[in-house]
$ cat protein38.cif   # mmCIF, C-alpha atoms (C1' of nucleotides) and all ligand atoms
data_start
loop_
_atom_site.label_atom_id
_atom_site.label_comp_id
_atom_site.auth_asym_id
_atom_site.auth_seq_id
_atom_site.Cartn_x
_atom_site.Cartn_y
_atom_site.Cartn_z
CA MET A 251 188.62 9.58 -30.73
CA PHE A 252 191.53 11.23 -32.49
CA LEU A 253 194.61 9.62 -33.96
CA LYS A 254 197.55 9.46 -31.63
CA THR A 255 199.28 11.87 -33.99
CA THR A 256 196.54 14.40 -33.42
CA GLU A 257 196.52 13.88 -29.67
CA TYR A 258 200.25 14.57 -29.62
CA ALA A 259 199.68 17.62 -31.79
CA LEU A 260 197.05 19.03 -29.45
CA ARG A 261 199.32 18.47 -26.45
CA ALA A 262 202.34 19.92 -28.20
CA VAL A 263 200.55 23.06 -29.33
CA LEU A 264 199.08 23.68 -25.90
CA TYR A 265 202.52 23.30 -24.39
CA ILE A 266 204.17 25.62 -26.87
CA ALA A 267 201.37 28.15 -26.48
CA ARG A 268 201.97 28.22 -22.75
CA GLU A 269 205.72 28.64 -23.10
CA SER A 270 205.29 31.28 -25.78
CA HIS A 271 203.00 33.23 -23.50
CA GLU A 272 206.06 33.57 -21.24
CA ASP A 273 208.18 34.42 -24.29
CA ARG A 274 210.07 31.17 -24.18
CA ARG A 275 211.10 29.32 -27.28
CA VAL A 276 211.23 25.55 -26.87
CA SER A 277 213.30 22.86 -28.52
CA LEU A 278 212.00 19.69 -30.11
CA ALA A 279 213.49 17.70 -27.25
CA ALA A 280 211.64 19.88 -24.74
CA VAL A 281 208.34 19.41 -26.53
CA ALA A 282 208.76 15.66 -26.73
CA ARG A 283 209.64 15.53 -23.05
CA ALA A 284 206.73 17.76 -22.06
CA ILE A 285 204.09 15.78 -23.87
CA GLY A 286 205.63 12.36 -23.37
CA SER A 287 205.96 11.31 -26.97
CA PRO A 288 208.96 9.87 -28.82
CA ALA A 289 211.24 12.66 -30.02
CA SER A 290 211.62 11.54 -33.61
CA PHE A 291 207.91 11.04 -34.01
CA THR A 292 207.25 14.39 -32.42
CA ALA A 293 209.55 15.87 -35.03
CA LYS A 294 207.24 14.72 -37.80
CA ILE A 295 204.25 16.20 -36.05
CA MET A 296 206.02 19.49 -35.51
CA GLN A 297 206.73 19.64 -39.20
CA GLN A 298 203.03 19.45 -39.95
CA LEU A 299 202.28 22.08 -37.35
CA SER A 300 204.94 24.51 -38.50
CA ARG A 301 204.29 24.11 -42.21
CA ASP A 302 204.07 27.71 -43.48
CA ASN A 303 204.36 28.77 -39.84
CA ARG A 304 200.60 28.52 -39.81
CA ILE A 305 200.21 27.32 -36.23
CA VAL A 306 203.65 27.23 -34.72
CA CYS A 307 206.78 28.94 -35.98
CA SER A 308 210.12 27.22 -36.09
CA VAL A 309 213.69 28.47 -36.25
CA ARG A 310 216.74 26.33 -36.89
CA GLY A 311 220.22 26.57 -35.55
CA PRO A 312 221.60 27.24 -32.10
CA GLY A 313 219.02 28.62 -29.72
CA GLY A 314 216.34 27.71 -32.21
CA GLY A 315 213.16 25.84 -31.56
CA PHE A 316 209.43 26.40 -31.71
CA TYR A 317 207.16 29.19 -30.64
CA MET A 318 203.75 30.67 -31.33
CA THR A 319 202.86 34.25 -32.10
CA PRO A 320 200.11 35.94 -30.12
CA ALA A 321 198.10 35.95 -33.34
CA SER A 322 198.29 32.20 -33.81
CA ARG A 323 197.38 31.69 -30.18
CA GLN A 324 194.11 33.38 -31.10
CA LEU A 325 193.31 30.59 -33.54
CA PRO A 326 190.50 28.24 -32.57
CA MET A 327 191.52 24.77 -31.39
CA GLN A 328 190.01 23.57 -34.63
CA ALA A 329 193.04 24.91 -36.46
CA ILE A 330 195.13 22.15 -34.92
CA LEU A 331 192.74 19.50 -36.17
CA GLU A 332 192.86 21.05 -39.61
CA ALA A 333 196.64 21.04 -39.65
CA MET A 334 196.52 17.35 -38.80
CA GLY A 335 193.78 16.61 -41.27
CA GLU A 336 191.32 15.44 -38.65
CA GLU A 337 188.80 18.24 -38.62
CA HIS A 338 186.21 15.88 -40.08
CA LEU A 339 186.00 14.07 -36.75
CA MET A 340 183.91 16.89 -35.36
CA THR A 341 181.24 16.49 -38.00
CA LYS A 342 181.38 12.87 -39.05
CA CYS A 343 178.60 10.37 -38.56
CA VAL A 344 178.99 8.35 -35.39
CA LEU A 345 178.26 5.19 -37.37
CA GLY A 346 180.88 6.10 -39.96
CA LEU A 347 178.44 6.80 -42.79
CA ARG A 348 179.80 9.06 -45.46
CA GLN A 349 177.76 12.09 -44.52
CA CYS A 350 175.94 13.17 -41.41
CA SER A 351 172.94 15.38 -41.92
CA GLU A 352 169.27 15.79 -41.19
CA LYS A 353 168.54 14.83 -44.78
CA GLN A 354 169.59 11.22 -44.44
CA PRO A 355 170.10 10.63 -40.75
CA CYS A 356 171.38 7.33 -39.43
CA PRO A 357 169.61 5.63 -36.54
CA MET A 358 171.82 7.35 -34.00
CA HIS A 359 171.83 10.77 -35.59
CA GLU A 360 169.16 12.41 -33.47
CA ALA A 361 170.54 11.19 -30.16
CA TYR A 362 174.10 11.97 -31.27
CA GLN A 363 173.32 15.56 -32.22
CA PRO A 364 174.09 17.11 -28.80
CA VAL A 365 177.45 15.34 -28.69
CA LYS A 366 178.32 16.49 -32.18
CA ALA A 367 177.29 20.04 -31.35
CA GLY A 368 179.37 19.88 -28.21
CA LEU A 369 182.40 18.70 -30.12
CA MET A 370 182.06 21.48 -32.66
CA ARG A 371 181.60 24.03 -29.94
CA LEU A 372 184.63 22.70 -28.06
CA PHE A 373 186.93 23.25 -31.01
CA THR A 374 185.45 26.39 -32.51
CA HIS A 375 184.55 28.45 -29.44
CA HIS A 376 187.87 28.13 -27.67
CA THR A 377 191.15 29.58 -28.82
CA ILE A 378 194.44 27.81 -28.39
CA GLY A 379 195.67 30.48 -26.02
CA GLU A 380 192.54 30.20 -23.93
CA MET A 381 192.88 26.43 -23.63
CA ALA A 382 196.53 26.73 -22.76
CA GLY A 383 195.48 29.05 -19.92
CA GLU A 384 197.49 29.71 -16.82
CA PRO A 385 195.85 28.07 -13.80
CA GLU A 386 198.08 25.55 -12.12
CA TRP A 387 195.60 22.70 -12.43
CA ARG A 388 195.61 23.09 -16.16
CA LYS A 389 199.26 22.22 -16.49
CA ARG A 390 199.00 18.49 -17.04
CA LEU A 391 200.12 17.51 -20.52
CA GLN A 392 202.25 14.48 -19.92
CA GLN A 393 201.11 11.17 -18.64
CA LYS A 394 203.23 9.35 -16.12
CA ARG A 395 205.26 6.61 -17.69
CA ARG A 396 203.63 3.22 -17.49
CA PRO A 397 206.01 1.36 -15.19
CA GLY A 398 207.95 -1.37 -16.91
CA LEU A 399 207.44 -0.05 -20.38
CA LYS A 400 210.67 0.99 -21.99
CA ARG A 401 211.28 4.11 -24.02
CA MET B 47 185.91 8.48 -33.40
CA PHE B 48 185.54 4.73 -33.29
CA LEU B 49 187.49 2.13 -35.21
CA LYS B 50 185.95 1.10 -38.48
CA THR B 51 185.41 -2.32 -36.94
CA THR B 52 183.29 -0.77 -34.22
CA GLU B 53 181.36 1.39 -36.65
CA TYR B 54 180.52 -1.72 -38.66
CA ALA B 55 179.54 -3.48 -35.45
CA LEU B 56 177.18 -0.69 -34.42
CA ARG B 57 175.54 -0.68 -37.84
CA ALA B 58 175.31 -4.46 -37.98
CA VAL B 59 173.70 -4.75 -34.56
CA LEU B 60 171.19 -2.02 -35.29
CA TYR B 61 170.29 -3.76 -38.53
CA ILE B 62 169.91 -7.15 -36.91
CA ALA B 63 167.90 -5.67 -34.06
CA ARG B 64 165.48 -4.19 -36.55
CA GLU B 65 165.09 -7.42 -38.48
CA SER B 66 164.75 -9.40 -35.29
CA HIS B 67 161.98 -7.12 -34.16
CA GLU B 68 160.10 -8.41 -37.20
CA ASP B 69 161.17 -11.95 -36.32
CA ARG B 70 163.47 -12.22 -39.28
CA ARG B 71 166.77 -14.03 -39.11
CA VAL B 72 169.45 -12.59 -41.41
CA SER B 73 172.41 -14.13 -43.14
CA LEU B 74 175.96 -12.85 -43.06
CA ALA B 75 175.61 -11.80 -46.69
CA ALA B 76 172.50 -9.81 -45.84
CA VAL B 77 174.22 -8.04 -42.98
CA ALA B 78 177.24 -7.17 -45.10
CA ARG B 79 174.96 -5.86 -47.84
CA ALA B 80 172.84 -3.87 -45.41
CA ILE B 81 175.71 -2.08 -43.74
CA GLY B 82 177.93 -1.83 -46.80
CA SER B 83 180.98 -3.61 -45.48
CA PRO B 84 183.04 -6.41 -47.02
CA ALA B 85 181.45 -9.77 -46.31
CA SER B 86 184.52 -11.59 -45.04
CA PHE B 87 185.43 -8.74 -42.75
CA THR B 88 181.87 -8.55 -41.51
CA ALA B 89 182.18 -12.25 -40.67
CA LYS B 90 184.96 -11.51 -38.22
CA ILE B 91 182.96 -8.78 -36.58
CA MET B 92 179.92 -11.00 -36.30
CA GLN B 93 182.06 -13.54 -34.52
CA GLN B 94 182.95 -11.00 -31.87
CA LEU B 95 179.33 -9.97 -31.52
CA SER B 96 177.96 -13.50 -31.26
CA ARG B 97 180.63 -14.81 -28.91
CA ASP B 98 178.64 -16.59 -26.17
CA ASN B 99 175.53 -15.23 -27.92
CA ARG B 100 175.97 -12.22 -25.70
CA ILE B 101 174.72 -9.62 -28.14
CA VAL B 102 173.59 -11.45 -31.22
CA CYS B 103 172.80 -15.14 -31.58
CA SER B 104 173.97 -17.17 -34.53
CA VAL B 105 172.81 -20.45 -36.03
CA ARG B 106 174.65 -22.37 -38.70
CA GLY B 107 173.36 -24.46 -41.54
CA PRO B 108 170.64 -23.88 -44.10
CA GLY B 109 168.26 -21.14 -43.11
CA GLY B 110 170.70 -20.11 -40.44
CA GLY B 111 172.01 -16.65 -39.78
CA PHE B 112 171.92 -14.04 -37.03
CA TYR B 113 169.24 -12.68 -34.76
CA MET B 114 168.78 -10.94 -31.44
CA THR B 115 166.55 -11.90 -28.56
CA PRO B 116 164.21 -9.31 -27.08
CA ALA B 117 166.36 -9.46 -23.97
CA SER B 118 169.57 -8.55 -25.78
CA ARG B 119 167.75 -5.75 -27.58
CA GLN B 120 167.27 -4.29 -24.13
CA LEU B 121 171.00 -3.97 -23.66
CA PRO B 122 172.44 -0.47 -23.68
CA MET B 123 174.34 0.57 -26.82
CA GLN B 124 177.41 0.47 -24.63
CA ALA B 125 177.28 -3.32 -24.78
CA ILE B 126 178.31 -3.17 -28.42
CA LEU B 127 181.32 -1.05 -27.58
CA GLU B 128 182.26 -3.49 -24.85
CA ALA B 129 182.01 -6.44 -27.20
CA MET B 130 184.35 -4.61 -29.56
CA GLY B 131 186.68 -3.52 -26.79
CA GLU B 132 186.14 0.18 -27.38
CA GLU B 133 184.12 1.18 -24.36
CA HIS B 134 187.06 3.25 -23.13
CA LEU B 135 186.40 5.78 -25.87
CA MET B 136 183.48 7.16 -23.89
CA THR B 137 185.65 7.98 -20.91
CA LYS B 138 189.10 8.59 -22.28
CA CYS B 139 190.95 11.89 -22.14
CA VAL B 140 190.51 13.96 -25.28
CA LEU B 141 194.27 14.57 -25.33
CA GLY B 142 194.98 10.88 -24.98
CA LEU B 143 196.39 11.03 -21.46
CA ARG B 144 196.21 7.79 -19.57
CA GLN B 145 193.41 8.79 -17.27
CA CYS B 146 190.76 11.46 -17.36
CA SER B 147 189.59 12.78 -14.03
CA GLU B 148 189.09 15.86 -11.94
CA LYS B 149 192.13 14.88 -9.91
CA GLN B 150 194.65 15.51 -12.65
CA PRO B 151 192.75 17.24 -15.41
CA CYS B 152 194.39 18.07 -18.72
CA PRO B 153 194.03 21.57 -20.17
CA MET B 154 190.94 20.58 -22.12
CA HIS B 155 189.28 18.55 -19.41
CA GLU B 156 186.88 21.16 -18.12
CA ALA B 157 185.65 22.24 -21.51
CA TYR B 158 185.48 18.64 -22.69
CA GLN B 159 183.35 17.49 -19.78
CA PRO B 160 179.96 18.13 -21.41
CA VAL B 161 181.00 16.20 -24.50
CA LYS B 162 182.22 13.30 -22.45
CA ALA B 163 179.03 13.28 -20.40
CA GLY B 164 177.03 13.38 -23.62
CA LEU B 165 178.92 10.44 -25.02
CA MET B 166 178.38 8.40 -21.89
CA ARG B 167 174.73 9.29 -21.83
CA LEU B 168 174.37 8.39 -25.51
CA PHE B 169 175.62 4.87 -24.97
CA THR B 170 174.23 4.13 -21.53
CA HIS B 171 170.77 5.71 -21.64
CA HIS B 172 169.66 4.19 -24.92
CA THR B 173 169.02 0.53 -25.54
CA ILE B 174 169.88 -1.17 -28.79
CA GLY B 175 166.23 -1.81 -29.53
CA GLU B 176 165.37 1.81 -28.93
CA MET B 177 168.09 3.03 -31.28
CA ALA B 178 167.04 0.54 -33.92
CA GLY B 179 163.55 2.06 -33.66
CA GLU B 180 160.91 1.88 -36.33
CA PRO B 181 160.42 5.33 -37.87
CA GLU B 182 161.15 5.41 -41.57
CA TRP B 183 163.75 8.14 -41.31
CA ARG B 184 165.81 6.02 -39.00
CA LYS B 185 166.42 3.34 -41.58
CA ARG B 186 169.69 4.53 -43.06
CA LEU B 187 172.51 2.17 -42.27
CA GLN B 188 174.32 1.87 -45.56
CA GLN B 189 176.22 4.55 -47.34
CA LYS B 190 175.91 4.82 -51.07
CA ARG B 191 178.90 3.37 -52.84
CA ARG B 192 181.49 5.91 -53.73
CA PRO B 193 181.34 5.87 -57.52
CA GLY B 194 184.40 4.42 -59.18
CA LEU B 195 185.70 2.64 -56.14
CA LYS B 196 185.90 -1.10 -56.60
CA ARG B 197 185.18 -3.61 -53.86
"C1'" DT C 138 234.91 31.46 -42.99
"C1'" DG C 139 234.21 27.39 -40.41
"C1'" DA C 140 232.33 24.65 -36.71
"C1'" DA C 141 228.46 23.68 -33.95
"C1'" DT C 142 223.54 23.47 -33.33
"C1'" DA C 143 218.82 22.53 -34.30
"C1'" DA C 144 214.97 21.72 -37.32
"C1'" DA C 145 213.51 19.79 -42.14
"C1'" DA C 146 213.28 16.09 -45.10
"C1'" DG C 147 213.51 11.51 -46.62
"C1'" DA C 148 214.07 6.53 -46.25
"C1'" DC C 149 212.99 2.85 -43.66
"C1'" DA C 150 210.88 -0.33 -39.93
"C1'" DA C 151 207.44 -1.95 -36.62
"C1'" DA C 152 202.87 -2.38 -35.15
"C1'" DA C 153 198.03 -2.09 -35.53
"C1'" DT C 154 194.06 -2.08 -38.34
"C1'" DT C 155 191.51 -3.58 -42.16
"C1'" DA C 156 190.64 -7.12 -45.42
"C1'" DT C 157 190.70 -11.71 -47.97
"C1'" DC C 158 190.75 -16.59 -48.46
"C1'" DC C 159 190.54 -21.32 -47.21
"C1'" DT C 160 189.33 -24.99 -44.18
"C1'" DT C 161 186.41 -26.74 -40.45
"C1'" DA C 162 182.24 -27.46 -37.83
"C1'" DA C 163 177.38 -27.34 -37.22
"C1'" DT C 164 172.75 -27.67 -39.02
"C1'" DT C 165 169.17 -28.78 -42.28
"C1'" DA C 166 166.97 -31.15 -45.94
"C1'" DT C 167 167.01 -34.97 -49.04
"C1'" DA D 18 173.66 -41.32 -44.25
"C1'" DT D 19 174.74 -37.80 -47.61
"C1'" DA D 20 174.80 -33.54 -49.65
"C1'" DA D 21 174.03 -28.76 -49.27
"C1'" DT D 22 174.16 -24.65 -46.61
"C1'" DT D 23 175.87 -21.36 -43.41
"C1'" DA D 24 178.70 -19.55 -39.69
"C1'" DA D 25 183.30 -20.32 -37.08
"C1'" DG D 26 188.09 -20.35 -37.10
"C1'" DG D 27 192.69 -19.84 -38.80
"C1'" DA D 28 196.24 -18.22 -41.88
"C1'" DT D 29 197.69 -14.67 -44.59
"C1'" DA D 30 197.90 -10.19 -47.02
"C1'" DA D 31 197.25 -5.13 -47.74
"C1'" DT D 32 196.98 -0.78 -45.79
"C1'" DT D 33 197.46 2.71 -42.41
"C1'" DT D 34 199.41 4.39 -38.38
"C1'" DT D 35 203.18 4.80 -35.47
"C1'" DG D 36 207.94 5.05 -34.76
"C1'" DT D 37 213.18 5.30 -35.92
"C1'" DC D 38 217.28 6.62 -38.21
"C1'" DT D 39 220.18 9.19 -41.40
"C1'" DT D 40 221.16 13.06 -44.27
"C1'" DT D 41 220.36 17.79 -45.53
"C1'" DT D 42 219.48 22.64 -44.75
"C1'" DA D 43 219.28 26.78 -42.15
"C1'" DT D 44 221.15 29.57 -38.42
"C1'" DT D 45 224.25 31.13 -34.91
"C1'" DC D 46 228.59 31.91 -32.93
"C1'" DA D 47 233.54 31.86 -32.62
S1 LIG A 501 174.06 10.62 -39.88
FE1 LIG A 501 174.96 9.36 -38.35
S2 LIG A 501 175.31 10.79 -36.78
FE2 LIG A 501 174.43 12.03 -38.30
S1 LIG A 502 191.92 14.67 -18.42
FE1 LIG A 502 191.87 15.19 -20.50
S2 LIG A 502 189.77 15.24 -20.90
FE2 LIG A 502 189.80 14.68 -18.82
#

$ encode --input "protein38.cif" --output "C-alpha cells"
Amino acid sequence: MFLKTTEYALRAVLYIARESHEDRRVSLAAVARAIGSPASFTAKIMQQLSRDNRIVCSVRGPGGGFYMTPASRQLPMQAILEAMGEEHLMTKCVLGLRQCSEKQPCPMHEAYQPVKAGLMRLFTHHTIGEMAGEPEWRKRLQQKRRPGLKR
Amino acid sequence: MFLKTTEYALRAVLYIARESHEDRRVSLAAVARAIGSPASFTAKIMQQLSRDNRIVCSVRGPGGGFYMTPASRQLPMQAILEAMGEEHLMTKCVLGLRQCSEKQPCPMHEAYQPVKAGLMRLFTHHTIGEMAGEPEWRKRLQQKRRPGLKR
DNA sequence: TGAATAAAAGACAAAATTATCCTTAATTAT
DNA sequence: ATAATTAAGGATAATTTTGTCTTTTATTCA
C-alpha cells in the first residue's frame, strides 16, 4: 500500500502523539526503537515530519527530541500522508491510470469505489490524536524482530 | 497501492480477457499498446502471467500471441495478484506491521478493517471476466500519454 | 565561555523496482 | 527444409527506494 517510509512515518507520529499526550518529549533513538525502524533512516523521516514544525516539533541539544502540540494532534491522519508526499494513494486509480474519476472510469472503478471512499474516510475523518488513542490494545506499533535477521 | 508491475498485469489481463471473449488472440505489441506500458517490460510481465498457462495462455510463432480460456476468465481477480506475488497487499497491516489481526491490532486496525474487508471483497468476489465486462464505459485501460514525455 | 548533547543536513551505499536489449526456442507458412 | 514470426529467457542498465555514515548546527549545562 504505502511506501515503507510512509509506514514508518505513520507509526512514528502515532507514537509521538501518544507520548506527547503524556507531556513526554522523545528522542530519535526512542522513536526508532518504538517503531522498529533503523535509527538513521528514521532520522530522515523525522526531518520530513518536523519540517516547519508542521506535524511534529523538534528541539536540539541536551534533553531535546520530538513532540507534538495539541493543535497538531488535531490534524487529520491525512496530514502525515501529505508530509510524506503520498496523499495521492487515497485517490489514485487502482489500475494505476493517471486519473480516477467517473468521467473516464477504468474497468475496476465502479467496484473499487467503496474501497477508495473508505480509504479517504479513514484518513480524513480521524485525527492523529484520536488514532493514537489510549486503550491498551491500541499500543502496538513495533513488530517483533524476525528471528535470525540482524539489525 | 500495488507495484507498477502489478498494475500493468491487472490492465493486461483485463484487456486480454476482453479480447478473448471475442475470440481474438493478441500479440505482445498489442497488449503493450493497449495498456500503455513499455513493450519489453510488458514481455516480462506476460511471462509471469502465462507461466504454466495458469492465467493467460501463450502461443509462439506467426499468428501467435496471448489469450485466456473461458475457465481462466472465471478466476477471481485475486489470481492476478497471486501470479504477481502481491496478494498480501489485501491483508497486510496498513502500518506495515508483520501481521494484521485482532490478536495484536495496531492503532489503526479497527478503523482500517472496513477498507481491508473491501479490498478482499474486491479481489475475491469478482471474476476476471466479470471485471473485463462489456459495457462501453468500462473500456478504459490506457492512460493518455503525458505530453512531452518520451518513451 | 566551553564542553556535551541531540537533531539537521549532506554525501554515499545497498537493495529493490522498473526498463531495455539480445539471444534462444517454438510455431507457422513457404 | 528454410525462412519468417512471435514469445521465452537471460543479461544488463537506469531509477527509485531504503539505509548508513559523517559533518554541521542548535541548545543546554557546567
Ligand atoms: S479510474 Fe481506475 S479506480 Fe477509478
Ligand atoms: S494490525 Fe495494523 S491494520 Fe491490522

$ atom_distance --input "protein38.cif" --atom1 "atom CA of Cys103 of chain B" --atom2 "atom CA of Met177 of chain B"
18.8 Å

$ interface_residues --input "protein38.cif" --of "chain B" --to "chain A" --cutoff "8 Å" --atoms "all atoms listed in the file" --output "VMD selection string"
chain B and resid 47 to 48 50 53 to 54 56 to 57 60 135 140 to 144 150 to 154 157 to 158 160 to 161 164 to 165 168 177 to 179 183 to 189

$ interface_residues --input "protein38.cif" --of "chain A" --to "chain C" --cutoff "12 Å" --atoms "only C-alpha atoms (C1' of nucleotides)" --output "VMD selection string"
chain A and resid 276 to 279 290 292 to 298 300 to 301 307 to 316

$ write_last_selection --input "protein38.cif" --atoms "C-alpha atoms" --output "compact mmCIF listing (two decimals), in the coordinates of the input"
# COMPACT_ATOMS: atom_id res chain seq x y z
CA VAL A 276 211.23 25.55 -26.87
CA SER A 277 213.30 22.86 -28.52
CA LEU A 278 212.00 19.69 -30.11
CA ALA A 279 213.49 17.70 -27.25
CA SER A 290 211.62 11.54 -33.61
CA THR A 292 207.25 14.39 -32.42
CA ALA A 293 209.55 15.87 -35.03
CA LYS A 294 207.24 14.72 -37.80
CA ILE A 295 204.25 16.20 -36.05
CA MET A 296 206.02 19.49 -35.51
CA GLN A 297 206.73 19.64 -39.20
CA GLN A 298 203.03 19.45 -39.95
CA SER A 300 204.94 24.51 -38.50
CA ARG A 301 204.29 24.11 -42.21
CA CYS A 307 206.78 28.94 -35.98
CA SER A 308 210.12 27.22 -36.09
CA VAL A 309 213.69 28.47 -36.25
CA ARG A 310 216.74 26.33 -36.89
CA GLY A 311 220.22 26.57 -35.55
CA PRO A 312 221.60 27.24 -32.10
CA GLY A 313 219.02 28.62 -29.72
CA GLY A 314 216.34 27.71 -32.21
CA GLY A 315 213.16 25.84 -31.56
CA PHE A 316 209.43 26.40 -31.71

$ atom_distance --input "protein38.cif" --atom1 "atom CA of Thr319 of chain A" --atom2 "atom CA of Val306 of chain A"
7.5 Å

$ interface_residues --input "protein38.cif" --of "chain D" --to "chain B" --cutoff "7 Å" --atoms "all atoms listed in the file" --output "PyMOL selection string"
chain D and resi 22-24

$ atom_distance --input "protein38.cif" --atom1 "atom CA of Ser118 of chain B" --atom2 "atom CA of Ile101 of chain B"
5.8 Å

$ residues_near_point --input "protein38.cif" --point "(197.4, 32.3, -29.9)" --cutoff "7 Å" --atoms "all atoms listed in the file" --output "VMD selection string"
chain A and resid 267 318 to 325 377 to 379

$ write_last_selection --input "protein38.cif" --atoms "C-alpha atoms" --output "mmCIF file, keeping the file's coordinate frame"
data_model
loop_
_atom_site.group_PDB
_atom_site.id
_atom_site.type_symbol
_atom_site.label_atom_id
_atom_site.label_comp_id
_atom_site.auth_asym_id
_atom_site.auth_seq_id
_atom_site.Cartn_x
_atom_site.Cartn_y
_atom_site.Cartn_z
ATOM 1 C CA ALA A 267 201.370 28.150 -26.480
ATOM 2 C CA MET A 318 203.750 30.670 -31.330
ATOM 3 C CA THR A 319 202.860 34.250 -32.100
ATOM 4 C CA PRO A 320 200.110 35.940 -30.120
ATOM 5 C CA ALA A 321 198.100 35.950 -33.340
ATOM 6 C CA SER A 322 198.290 32.200 -33.810
ATOM 7 C CA ARG A 323 197.380 31.690 -30.180
ATOM 8 C CA GLN A 324 194.110 33.380 -31.100
ATOM 9 C CA LEU A 325 193.310 30.590 -33.540
ATOM 10 C CA THR A 377 191.150 29.580 -28.820
ATOM 11 C CA ILE A 378 194.440 27.810 -28.390
ATOM 12 C CA GLY A 379 195.670 30.480 -26.020
#
